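**Q** So that we are looking at the same thing, I have put the structure below in structure tokens.
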Amino acid sequence: MRRVAVWAGAIVALALLGWGALHVFISPVHPDQPSPPGHPASACWTCHFVSASADIREP
């Protein structure tokens, strides 16, 4: 049972580290930024830092 818990904890930790790395390395977006075609339909903050000081880019 303990071995399963260690594996589950390791998988969760790796998933969180991966998400954290993507969250830091993907460029910040403005809250009013339109999503480009083919962009995943999820909240922007899931992958991006959302900041009103970020430039709005044309998709």
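Following the order of the structure tokens, first chain is A, next is B, and so on, with residues numbered from 1 inside each chain and ligands from 1 in the order they appear.
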Residues within 12 Å of segment 4-21 of chain A, please, as a count of residues only. Count only C-alpha atoms; anything in the same chain fewer than 2 positions from it doesn't count.
**A** 12
**Q** Quick one: everything within 7 Å of Ala54 of chain A, counting only C-alpha atoms, minus sequence neighbours fewer than 3 positions away in the same chain. Send it as a list in words.
**A**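 Residues near the query, excluding close chain neighbours: Pro28, Val29, His30 and Ser51 of chain A.
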**Q** Among chain A, which residues does DSSP mark as helix (DSSP H, G or I) when it is run on the backbone? Keep the chain and numbering as in the structure and answer as a ChimeraX atom specification.
**A** /A:2-25,44-46
**Q** Go ahead and write the residues just picked, N, CA, C and O atoms, as a CSV table (one decimal), in the first residue's frame.
**A**
```csv
chain,number,residue,atom,x,y,z
A,2,ARG,N,2.0,1.2,0.7
A,2,ARG,CA,2.8,2.4,0.8
A,2,ARG,C,3.5,2.7,-0.5
A,2,ARG,O,3.7,3.8,-0.9
A,3,ARG,N,3.8,1.6,-1.3
A,3,ARG,CA,4.5,1.8,-2.6
A,3,ARG,C,3.5,2.5,-3.5
A,3,ARG,O,3.9,3.3,-4.3
A,4,VAL,N,2.2,2.1,-3.5
A,4,VAL,CA,1.2,2.8,-4.3
A,4,VAL,C,1.1,4.3,-4.0
A,4,VAL,O,1.0,5.1,-4.9
A,5,ALA,N,1.1,4.6,-2.7
A,5,ALA,CA,1.0,6.0,-2.3
A,5,ALA,C,2.3,6.8,-2.7
A,5,ALA,O,2.1,7.9,-3.1
A,6,VAL,N,3.4,6.2,-2.7
A,6,VAL,CA,4.7,6.9,-3.1
A,6,VAL,C,4.6,7.1,-4.6
A,6,VAL,O,4.9,8.2,-5.1
A,7,TRP,N,4.1,6.1,-5.4
A,7,TRP,CA,4.0,6.3,-6.9
A,7,TRP,C,2.9,7.4,-7.2
A,7,TRP,O,3.1,8.3,-8.0
A,8,ALA,N,1.8,7.4,-6.5
A,8,ALA,CA,0.8,8.4,-6.7
A,8,ALA,C,1.3,9.8,-6.3
A,8,ALA,O,1.0,10.7,-7.1
A,9,GLY,N,2.0,9.9,-5.2
A,9,GLY,CA,2.6,11.2,-4.9
A,9,GLY,C,3.6,11.7,-5.9
A,9,GLY,O,3.6,12.8,-6.2
A,10,ALA,N,4.4,10.8,-6.4
A,10,ALA,CA,5.4,11.1,-7.4
A,10,ALA,C,4.7,11.6,-8.7
A,10,ALA,O,5.1,12.6,-9.3
A,11,ILE,N,3.7,10.9,-9.1
A,11,ILE,CA,2.9,11.3,-10.3
A,11,ILE,C,2.3,12.7,-10.1
A,11,ILE,O,2.4,13.6,-11.0
A,12,VAL,N,1.7,12.9,-9.0
A,12,VAL,CA,1.1,14.2,-8.7
A,12,VAL,C,2.1,15.3,-8.7
A,12,VAL,O,1.9,16.4,-9.2
A,13,ALA,N,3.3,15.0,-8.0
A,13,ALA,CA,4.3,16.0,-7.9
A,13,ALA,C,4.9,16.4,-9.3
A,13,ALA,O,5.1,17.6,-9.6
A,14,LEU,N,5.1,15.4,-10.2
A,14,LEU,CA,5.6,15.7,-11.5
A,14,LEU,C,4.5,16.4,-12.3
A,14,LEU,O,4.9,17.3,-13.1
A,15,ALA,N,3.3,16.1,-12.2
A,15,ALA,CA,2.2,16.9,-12.9
A,15,ALA,C,2.2,18.3,-12.5
A,15,ALA,O,2.1,19.2,-13.3
A,16,LEU,N,2.3,18.6,-11.2
A,16,LEU,CA,2.4,19.9,-10.7
A,16,LEU,C,3.6,20.7,-11.1
A,16,LEU,O,3.5,21.9,-11.4
A,17,LEU,N,4.7,20.0,-11.1
A,17,LEU,CA,6.0,20.7,-11.6
A,17,LEU,C,5.9,21.0,-13.1
A,17,LEU,O,6.3,22.1,-13.5
A,18,GLY,N,5.3,20.1,-13.9
A,18,GLY,CA,5.1,20.4,-15.3
A,18,GLY,C,4.2,21.6,-15.5
A,18,GLY,O,4.5,22.5,-16.3
A,19,TRP,N,3.1,21.6,-14.8
A,19,TRP,CA,2.1,22.7,-14.9
A,19,TRP,C,2.8,24.0,-14.5
A,19,TRP,O,2.6,25.0,-15.1
A,20,GLY,N,3.5,23.9,-13.4
A,20,GLY,CA,4.2,25.1,-12.9
A,20,GLY,C,5.2,25.7,-14.0
A,20,GLY,O,5.3,26.9,-14.2
A,21,ALA,N,6.0,24.8,-14.6
A,21,ALA,CA,6.9,25.2,-15.6
A,21,ALA,C,6.2,25.8,-16.8
A,21,ALA,O,6.6,26.9,-17.3
A,22,LEU,N,5.2,25.2,-17.3
A,22,LEU,CA,4.4,25.8,-18.4
A,22,LEU,C,3.8,27.2,-18.0
A,22,LEU,O,3.8,28.1,-18.8
A,23,HIS,N,3.3,27.3,-16.8
A,23,HIS,CA,2.7,28.5,-16.3
A,23,HIS,C,3.7,29.6,-16.3
A,23,HIS,O,3.4,30.8,-16.6
A,24,VAL,N,5.0,29.3,-16.0
A,24,VAL,CA,6.0,30.3,-16.0
A,24,VAL,C,6.5,30.7,-17.3
A,24,VAL,O,6.8,31.9,-17.7
A,25,PHE,N,6.7,29.7,-18.2
A,25,PHE,CA,7.4,29.9,-19.5
A,25,PHE,C,6.4,30.4,-20.6
A,25,PHE,O,6.9,30.9,-21.6
A,44,CYS,N,-7.9,31.2,-19.1
A,44,CYS,CA,-6.6,31.7,-19.4
A,44,CYS,C,-5.6,31.4,-18.3
A,44,CYS,O,-4.4,31.1,-18.5
A,45,TRP,N,-6.0,31.6,-17.1
A,45,TRP,CA,-5.1,31.5,-15.9
A,45,TRP,C,-4.6,30.1,-15.7
A,45,TRP,O,-3.7,29.8,-15.0
A,46,THR,N,-5.3,29.1,-16.4
A,46,THR,CA,-4.8,27.7,-16.3
A,46,THR,C,-3.4,27.6,-16.8
A,46,THR,O,-2.6,26.8,-16.2
```
**Q** Residues at most 9 Å from segment 33-38 of chain A, counting only C-alpha atoms, excluding those fewer than 4 positions away in the same chain, as a count of residues only?
**A** 7
